[in-house]
>>> print(open('upload37.txt').read())   # compact mmCIF, N, CA and C atoms
# COMPACT_ATOMS: atom_id res chain seq x y z
N MET S 153 1.54 -25.73 13.90
CA MET S 153 0.67 -25.42 12.77
C MET S 153 1.53 -25.37 11.51
N THR S 154 1.18 -26.16 10.52
CA THR S 154 1.89 -26.11 9.25
C THR S 154 1.25 -25.08 8.36
N GLY S 155 2.01 -24.59 7.39
CA GLY S 155 1.49 -23.59 6.47
C GLY S 155 2.36 -22.35 6.49
N TYR S 156 1.88 -21.31 5.85
CA TYR S 156 2.66 -20.08 5.76
C TYR S 156 1.75 -18.91 5.45
N THR S 157 2.32 -17.71 5.65
CA THR S 157 1.62 -16.46 5.36
C THR S 157 2.51 -15.64 4.45
N PHE S 158 1.92 -14.99 3.45
CA PHE S 158 2.68 -14.04 2.66
C PHE S 158 1.85 -12.80 2.44
N ALA S 159 2.53 -11.70 2.16
CA ALA S 159 1.87 -10.41 1.99
C ALA S 159 2.08 -9.91 0.57
N LEU S 160 1.05 -9.28 0.03
CA LEU S 160 1.10 -8.65 -1.28
C LEU S 160 0.85 -7.16 -1.07
N GLU S 161 1.79 -6.33 -1.51
CA GLU S 161 1.64 -4.89 -1.35
C GLU S 161 0.95 -4.32 -2.58
N ILE S 162 -0.17 -3.61 -2.34
CA ILE S 162 -0.91 -2.94 -3.40
C ILE S 162 -1.03 -1.48 -2.98
N GLY S 163 -0.31 -0.61 -3.67
CA GLY S 163 -0.29 0.80 -3.26
C GLY S 163 0.32 0.90 -1.88
N ARG S 164 -0.42 1.50 -0.95
CA ARG S 164 0.04 1.64 0.43
C ARG S 164 -0.57 0.58 1.33
N SER S 165 -1.25 -0.41 0.76
CA SER S 165 -1.91 -1.43 1.56
C SER S 165 -1.21 -2.78 1.42
N LEU S 166 -1.22 -3.54 2.48
CA LEU S 166 -0.72 -4.91 2.45
C LEU S 166 -1.91 -5.86 2.54
N ILE S 167 -1.95 -6.83 1.65
CA ILE S 167 -2.98 -7.85 1.67
C ILE S 167 -2.28 -9.15 2.07
N TYR S 168 -2.79 -9.82 3.10
CA TYR S 168 -2.18 -11.03 3.60
C TYR S 168 -2.96 -12.25 3.15
N PHE S 169 -2.22 -13.28 2.77
CA PHE S 169 -2.80 -14.56 2.39
C PHE S 169 -2.28 -15.59 3.37
N ARG S 170 -3.18 -16.42 3.89
CA ARG S 170 -2.79 -17.44 4.85
C ARG S 170 -3.06 -18.82 4.26
N PHE S 171 -2.07 -19.69 4.35
CA PHE S 171 -2.21 -21.05 3.86
C PHE S 171 -1.96 -22.00 5.01
N LYS S 172 -2.78 -23.04 5.08
CA LYS S 172 -2.64 -24.04 6.13
C LYS S 172 -2.69 -25.40 5.45
N GLY S 173 -1.66 -26.15 5.60
CA GLY S 173 -1.64 -27.49 5.04
C GLY S 173 -1.84 -27.51 3.53
N GLY S 174 -1.40 -26.47 2.84
CA GLY S 174 -1.50 -26.43 1.40
C GLY S 174 -2.81 -25.89 0.87
N ASP S 175 -3.80 -25.66 1.72
CA ASP S 175 -5.08 -25.14 1.28
C ASP S 175 -5.21 -23.67 1.67
N CYS S 176 -5.78 -22.89 0.79
CA CYS S 176 -5.98 -21.47 1.06
C CYS S 176 -7.14 -21.29 2.03
N MET S 177 -6.91 -20.51 3.07
CA MET S 177 -7.97 -20.21 4.03
C MET S 177 -8.79 -19.04 3.51
N PRO S 178 -10.03 -18.95 3.89
CA PRO S 178 -10.86 -17.80 3.47
C PRO S 178 -10.26 -16.48 3.96
N ILE S 179 -10.52 -15.43 3.22
CA ILE S 179 -10.09 -14.08 3.59
C ILE S 179 -11.23 -13.43 4.35
N SER S 180 -10.95 -12.86 5.50
CA SER S 180 -11.93 -12.12 6.28
C SER S 180 -11.52 -10.66 6.31
N ALA S 181 -12.50 -9.78 6.34
CA ALA S 181 -12.21 -8.34 6.35
C ALA S 181 -13.33 -7.58 7.03
N TYR S 182 -12.97 -6.43 7.57
CA TYR S 182 -13.96 -5.48 8.07
C TYR S 182 -14.16 -4.44 6.99
N VAL S 183 -15.40 -4.14 6.68
CA VAL S 183 -15.73 -3.09 5.73
C VAL S 183 -16.38 -1.96 6.52
N PHE S 184 -15.74 -0.80 6.50
CA PHE S 184 -16.23 0.38 7.20
C PHE S 184 -17.00 1.22 6.18
N ILE S 185 -18.24 1.54 6.49
CA ILE S 185 -19.14 2.17 5.52
C ILE S 185 -19.61 3.53 6.00
N GLU S 186 -19.49 4.53 5.12
CA GLU S 186 -20.10 5.83 5.34
C GLU S 186 -21.40 5.85 4.53
N CYS S 187 -22.49 6.31 5.17
CA CYS S 187 -23.82 6.28 4.57
C CYS S 187 -24.39 7.69 4.41
N THR S 188 -25.42 7.77 3.59
CA THR S 188 -26.17 9.02 3.52
C THR S 188 -26.91 9.20 4.85
N ALA S 189 -27.30 10.44 5.14
CA ALA S 189 -27.95 10.74 6.42
C ALA S 189 -29.19 9.87 6.64
N GLY S 190 -29.24 9.25 7.80
CA GLY S 190 -30.40 8.45 8.19
C GLY S 190 -30.46 7.06 7.60
N ALA S 191 -29.45 6.63 6.84
CA ALA S 191 -29.51 5.34 6.15
C ALA S 191 -28.79 4.20 6.87
N ALA S 192 -28.07 4.49 7.95
CA ALA S 192 -27.20 3.49 8.57
C ALA S 192 -27.93 2.22 8.98
N ARG S 193 -29.05 2.34 9.64
CA ARG S 193 -29.76 1.13 10.10
C ARG S 193 -30.24 0.29 8.93
N ASP S 194 -30.75 0.94 7.88
CA ASP S 194 -31.22 0.20 6.70
C ASP S 194 -30.06 -0.47 5.97
N VAL S 195 -28.92 0.23 5.86
CA VAL S 195 -27.75 -0.35 5.21
C VAL S 195 -27.27 -1.57 5.99
N ALA S 196 -27.18 -1.47 7.31
CA ALA S 196 -26.76 -2.60 8.14
C ALA S 196 -27.72 -3.77 7.99
N LYS S 197 -29.00 -3.49 7.98
CA LYS S 197 -30.03 -4.53 7.85
C LYS S 197 -29.92 -5.24 6.51
N GLU S 198 -29.75 -4.48 5.43
CA GLU S 198 -29.64 -5.07 4.09
C GLU S 198 -28.31 -5.81 3.92
N ALA S 199 -27.23 -5.27 4.46
CA ALA S 199 -25.93 -5.92 4.36
C ALA S 199 -25.95 -7.27 5.07
N ALA S 200 -26.63 -7.35 6.21
CA ALA S 200 -26.69 -8.59 6.98
C ALA S 200 -27.35 -9.73 6.20
N LYS S 201 -28.15 -9.41 5.21
CA LYS S 201 -28.84 -10.42 4.39
C LYS S 201 -27.96 -11.01 3.29
N ILE S 202 -26.82 -10.39 3.01
CA ILE S 202 -25.97 -10.81 1.91
C ILE S 202 -25.12 -12.01 2.31
N GLN S 203 -25.10 -13.03 1.45
CA GLN S 203 -24.28 -14.21 1.72
C GLN S 203 -22.82 -13.80 1.76
N GLY S 204 -22.10 -14.23 2.77
CA GLY S 204 -20.70 -13.86 2.96
C GLY S 204 -20.52 -12.83 4.06
N VAL S 205 -21.61 -12.15 4.43
CA VAL S 205 -21.56 -11.19 5.54
C VAL S 205 -21.77 -11.98 6.83
N LYS S 206 -20.81 -11.89 7.72
CA LYS S 206 -20.89 -12.59 9.00
C LYS S 206 -21.58 -11.75 10.07
N ARG S 207 -21.44 -10.43 9.95
CA ARG S 207 -22.06 -9.52 10.91
C ARG S 207 -22.10 -8.12 10.31
N ALA S 208 -23.17 -7.38 10.59
CA ALA S 208 -23.30 -6.00 10.12
C ALA S 208 -23.97 -5.18 11.22
N ASN S 209 -23.33 -4.08 11.60
CA ASN S 209 -23.86 -3.25 12.69
C ASN S 209 -23.80 -1.78 12.34
N ALA S 210 -24.87 -1.05 12.65
CA ALA S 210 -24.85 0.41 12.63
C ALA S 210 -24.05 0.84 13.86
N THR S 211 -23.19 1.85 13.71
CA THR S 211 -22.28 2.24 14.78
C THR S 211 -22.25 3.76 14.93
N THR S 212 -21.62 4.20 16.01
CA THR S 212 -21.32 5.62 16.18
C THR S 212 -19.87 5.83 15.75
N GLY S 213 -19.47 7.07 15.57
CA GLY S 213 -18.10 7.36 15.19
C GLY S 213 -17.99 7.74 13.73
N PRO S 214 -16.77 7.68 13.18
CA PRO S 214 -16.56 8.15 11.81
C PRO S 214 -17.22 7.29 10.74
N TYR S 215 -17.54 6.04 11.05
CA TYR S 215 -18.23 5.16 10.11
C TYR S 215 -19.61 4.85 10.64
N ASP S 216 -20.56 4.77 9.73
CA ASP S 216 -21.96 4.53 10.11
C ASP S 216 -22.28 3.07 10.28
N VAL S 217 -21.61 2.22 9.52
CA VAL S 217 -21.85 0.77 9.57
C VAL S 217 -20.50 0.06 9.48
N ILE S 218 -20.36 -1.02 10.25
CA ILE S 218 -19.18 -1.88 10.14
C ILE S 218 -19.68 -3.28 9.83
N VAL S 219 -19.10 -3.87 8.78
CA VAL S 219 -19.53 -5.19 8.30
C VAL S 219 -18.33 -6.13 8.34
N LEU S 220 -18.53 -7.33 8.86
CA LEU S 220 -17.51 -8.38 8.83
C LEU S 220 -17.88 -9.32 7.69
N VAL S 221 -16.95 -9.48 6.73
CA VAL S 221 -17.21 -10.32 5.57
C VAL S 221 -16.16 -11.41 5.45
N GLU S 222 -16.52 -12.47 4.73
CA GLU S 222 -15.59 -13.56 4.46
C GLU S 222 -15.77 -13.99 3.01
N ALA S 223 -14.64 -14.23 2.34
CA ALA S 223 -14.66 -14.66 0.94
C ALA S 223 -13.57 -15.71 0.74
N PRO S 224 -13.73 -16.56 -0.27
CA PRO S 224 -12.74 -17.62 -0.50
C PRO S 224 -11.37 -17.12 -0.94
N ASP S 225 -11.32 -15.98 -1.64
CA ASP S 225 -10.03 -15.43 -2.06
C ASP S 225 -10.15 -13.92 -2.25
N ILE S 226 -9.01 -13.28 -2.48
CA ILE S 226 -8.95 -11.82 -2.55
C ILE S 226 -9.72 -11.27 -3.75
N ASN S 227 -9.72 -11.98 -4.86
CA ASN S 227 -10.46 -11.51 -6.03
C ASN S 227 -11.96 -11.50 -5.78
N ILE S 228 -12.45 -12.53 -5.17
CA ILE S 228 -13.88 -12.61 -4.85
C ILE S 228 -14.23 -11.57 -3.80
N LEU S 229 -13.33 -11.35 -2.83
CA LEU S 229 -13.57 -10.32 -1.83
C LEU S 229 -13.72 -8.95 -2.48
N GLY S 230 -12.81 -8.61 -3.38
CA GLY S 230 -12.88 -7.31 -4.07
C GLY S 230 -14.16 -7.16 -4.87
N ASP S 231 -14.52 -8.19 -5.62
CA ASP S 231 -15.75 -8.15 -6.40
C ASP S 231 -16.97 -8.04 -5.50
N PHE S 232 -16.96 -8.77 -4.39
CA PHE S 232 -18.05 -8.76 -3.42
C PHE S 232 -18.26 -7.35 -2.87
N ILE S 233 -17.20 -6.67 -2.51
CA ILE S 233 -17.32 -5.33 -1.94
C ILE S 233 -17.85 -4.34 -2.97
N VAL S 234 -17.31 -4.40 -4.18
CA VAL S 234 -17.73 -3.46 -5.22
C VAL S 234 -19.18 -3.70 -5.66
N THR S 235 -19.56 -4.94 -5.85
CA THR S 235 -20.90 -5.22 -6.38
C THR S 235 -21.98 -5.31 -5.31
N LYS S 236 -21.67 -5.92 -4.18
CA LYS S 236 -22.70 -6.16 -3.16
C LYS S 236 -22.78 -5.03 -2.13
N ILE S 237 -21.65 -4.70 -1.50
CA ILE S 237 -21.66 -3.71 -0.42
C ILE S 237 -21.83 -2.30 -0.99
N GLN S 238 -20.98 -1.92 -1.93
CA GLN S 238 -21.07 -0.57 -2.49
C GLN S 238 -22.33 -0.38 -3.32
N GLY S 239 -22.96 -1.46 -3.71
CA GLY S 239 -24.20 -1.38 -4.48
C GLY S 239 -25.44 -1.16 -3.64
N LEU S 240 -25.31 -1.22 -2.32
CA LEU S 240 -26.47 -0.99 -1.45
C LEU S 240 -26.90 0.47 -1.48
N SER S 241 -28.19 0.67 -1.50
CA SER S 241 -28.74 2.02 -1.45
C SER S 241 -28.34 2.69 -0.13
N GLY S 242 -27.82 3.91 -0.21
CA GLY S 242 -27.42 4.65 0.98
C GLY S 242 -25.94 4.62 1.27
N VAL S 243 -25.16 3.80 0.56
CA VAL S 243 -23.72 3.72 0.78
C VAL S 243 -23.02 4.84 0.00
N LEU S 244 -22.23 5.64 0.71
CA LEU S 244 -21.45 6.70 0.07
C LEU S 244 -20.05 6.22 -0.30
N ARG S 245 -19.35 5.60 0.67
CA ARG S 245 -18.00 5.11 0.43
C ARG S 245 -17.68 4.03 1.44
N THR S 246 -16.67 3.23 1.10
CA THR S 246 -16.25 2.15 1.99
C THR S 246 -14.74 2.16 2.16
N GLN S 247 -14.32 1.58 3.25
CA GLN S 247 -12.89 1.30 3.49
C GLN S 247 -12.82 -0.13 3.99
N THR S 248 -11.96 -0.92 3.38
CA THR S 248 -11.86 -2.34 3.72
C THR S 248 -10.52 -2.62 4.38
N ASN S 249 -10.57 -3.31 5.51
CA ASN S 249 -9.37 -3.72 6.23
C ASN S 249 -9.38 -5.24 6.34
N VAL S 250 -8.40 -5.89 5.69
CA VAL S 250 -8.29 -7.35 5.73
C VAL S 250 -7.76 -7.78 7.09
N ILE S 251 -8.35 -8.81 7.65
CA ILE S 251 -7.92 -9.35 8.95
C ILE S 251 -6.68 -10.21 8.73
N VAL S 252 -5.64 -9.98 9.53
CA VAL S 252 -4.37 -10.67 9.33
C VAL S 252 -4.05 -11.71 10.39
N ASP S 253 -4.87 -11.84 11.42
CA ASP S 253 -4.59 -12.91 12.40
C ASP S 253 -5.83 -13.64 12.79
>>> encode(input="upload37.txt", output="C-alpha cells")
Amino acid sequence: MTGYTFALEIGRSLIYFRFKGGDCMPISAYVFIECTAGAARDVAKEAAKIQGVKRANATTGPYDVIVLVEAPDINILGDFIVTKIQGLSGVLRTQTNVIVD
C-alpha cells in the first residue's frame, strides 16, 4: 500500500490523517452523545437522517447515542459535529473519537 499517515496534536488529542496514492482519504469518527432524559431514541433517529452519518444507535452505558460519521477532511468534520450533531434537539454534549485504522 502506498501512501502515509501523519498525526496532528491538538491539546491532548491526536488527529490522524491518512493519504493513499497522493489523495486524502475521508476522515471517519465515532461521536458519543449525552442526551436529555428520554431523548436518546429521537436523537439517534434524527442523526441517522443527516448526510455523512453512516450509523446512529441509542445505547446503554455512559453515552446515550453513538454515531459513526464520515467527512472529506478534518475541517468539515469539525463543522459537521458543531452544526449538525450538536444542533440536534436533546443533545447535551458530545465527544468525538477519530478512527485511526
>>> atom_distance(input="upload37.txt", atom1="atom CA of Glu198 of chain S", atom2="atom C of Val219 of chain S")
12.1 Å
>>> closest_residue(input="upload37.txt", among="S:Val250, S:Val183, S:Ala223, S:Ala196", to="Ala208 of chain S", atoms="only C-alpha atoms")
S:Ala196
>>> residues_around(input="upload37.txt", residues="Ala191 of chain S", least_positions_apart="3", cutoff="8 Å", atoms="only N, CA and C atoms", output="PyMOL selection string")
chain S and resi 186-188+194-197+210+216-217+241-243
>>> closest_residue(input="upload37.txt", among="S:Lys236, S:Arg245, S:Ile251, S:Pro214", to="Ile202 of chain S", atoms="only N, CA and C atoms")
S:Lys236
>>> atom_distance(input="upload37.txt", atom1="atom C of Gly213 of chain S", atom2="atom C of Phe232 of chain S")
22.4 Å
>>> closest_residue(input="upload37.txt", among="S:Val234, S:Ala199, S:Ala192, S:Leu240", to="Leu220 of chain S", atoms="only C-alpha atoms")
S:Ala199
>>> decode(input="upload37.txt", residues="segment 199-213 of chain S", atoms="N, CA and C atoms", output="mmCIF file, in the first residue's frame")
data_model
loop_
_atom_site.group_PDB
_atom_site.id
_atom_site.type_symbol
_atom_site.label_atom_id
_atom_site.label_comp_id
_atom_site.auth_asym_id
_atom_site.auth_seq_id
_atom_site.Cartn_x
_atom_site.Cartn_y
_atom_site.Cartn_z
ATOM 1 N N ALA S 199 -30.336 11.860 13.885
ATOM 2 C CA ALA S 199 -28.944 11.827 13.446
ATOM 3 C C ALA S 199 -28.779 10.922 12.231
ATOM 4 N N ALA S 200 -29.491 9.804 12.211
ATOM 5 C CA ALA S 200 -29.390 8.855 11.102
ATOM 6 C C ALA S 200 -29.828 9.464 9.770
ATOM 7 N N LYS S 201 -30.616 10.508 9.803
ATOM 8 C CA LYS S 201 -31.103 11.176 8.587
ATOM 9 C C LYS S 201 -30.093 12.157 7.992
ATOM 10 N N ILE S 202 -29.056 12.501 8.742
ATOM 11 C CA ILE S 202 -28.095 13.513 8.313
ATOM 12 C C ILE S 202 -27.093 12.911 7.339
ATOM 13 N N GLN S 203 -26.873 13.609 6.218
ATOM 14 C CA GLN S 203 -25.890 13.150 5.241
ATOM 15 C C GLN S 203 -24.512 13.142 5.884
ATOM 16 N N GLY S 204 -23.781 12.056 5.727
ATOM 17 C CA GLY S 204 -22.463 11.895 6.349
ATOM 18 C C GLY S 204 -22.502 10.969 7.542
ATOM 19 N N VAL S 205 -23.701 10.727 8.083
ATOM 20 C CA VAL S 205 -23.850 9.775 9.188
ATOM 21 C C VAL S 205 -23.990 8.382 8.575
ATOM 22 N N LYS S 206 -23.102 7.502 8.952
ATOM 23 C CA LYS S 206 -23.127 6.125 8.439
ATOM 24 C C LYS S 206 -23.992 5.215 9.302
ATOM 25 N N ARG S 207 -24.055 5.529 10.603
ATOM 26 C CA ARG S 207 -24.857 4.728 11.529
ATOM 27 C C ARG S 207 -25.085 5.540 12.794
ATOM 28 N N ALA S 208 -26.268 5.399 13.386
ATOM 29 C CA ALA S 208 -26.595 6.071 14.645
ATOM 30 C C ALA S 208 -27.438 5.123 15.489
ATOM 31 N N ASN S 209 -27.003 4.900 16.730
ATOM 32 C CA ASN S 209 -27.705 3.968 17.609
ATOM 33 C C ASN S 209 -27.865 4.531 19.004
ATOM 34 N N ALA S 210 -29.050 4.357 19.587
ATOM 35 C CA ALA S 210 -29.252 4.598 21.015
ATOM 36 C C ALA S 210 -28.590 3.433 21.741
ATOM 37 N N THR S 211 -27.892 3.721 22.840
ATOM 38 C CA THR S 211 -27.112 2.700 23.533
ATOM 39 C C THR S 211 -27.321 2.777 25.041
ATOM 40 N N THR S 212 -26.823 1.768 25.735
ATOM 41 C CA THR S 212 -26.757 1.809 27.192
ATOM 42 C C THR S 212 -25.346 2.241 27.571
ATOM 43 N N GLY S 213 -25.140 2.592 28.821
ATOM 44 C CA GLY S 213 -23.810 2.984 29.270
ATOM 45 C C GLY S 213 -23.701 4.487 29.447
#
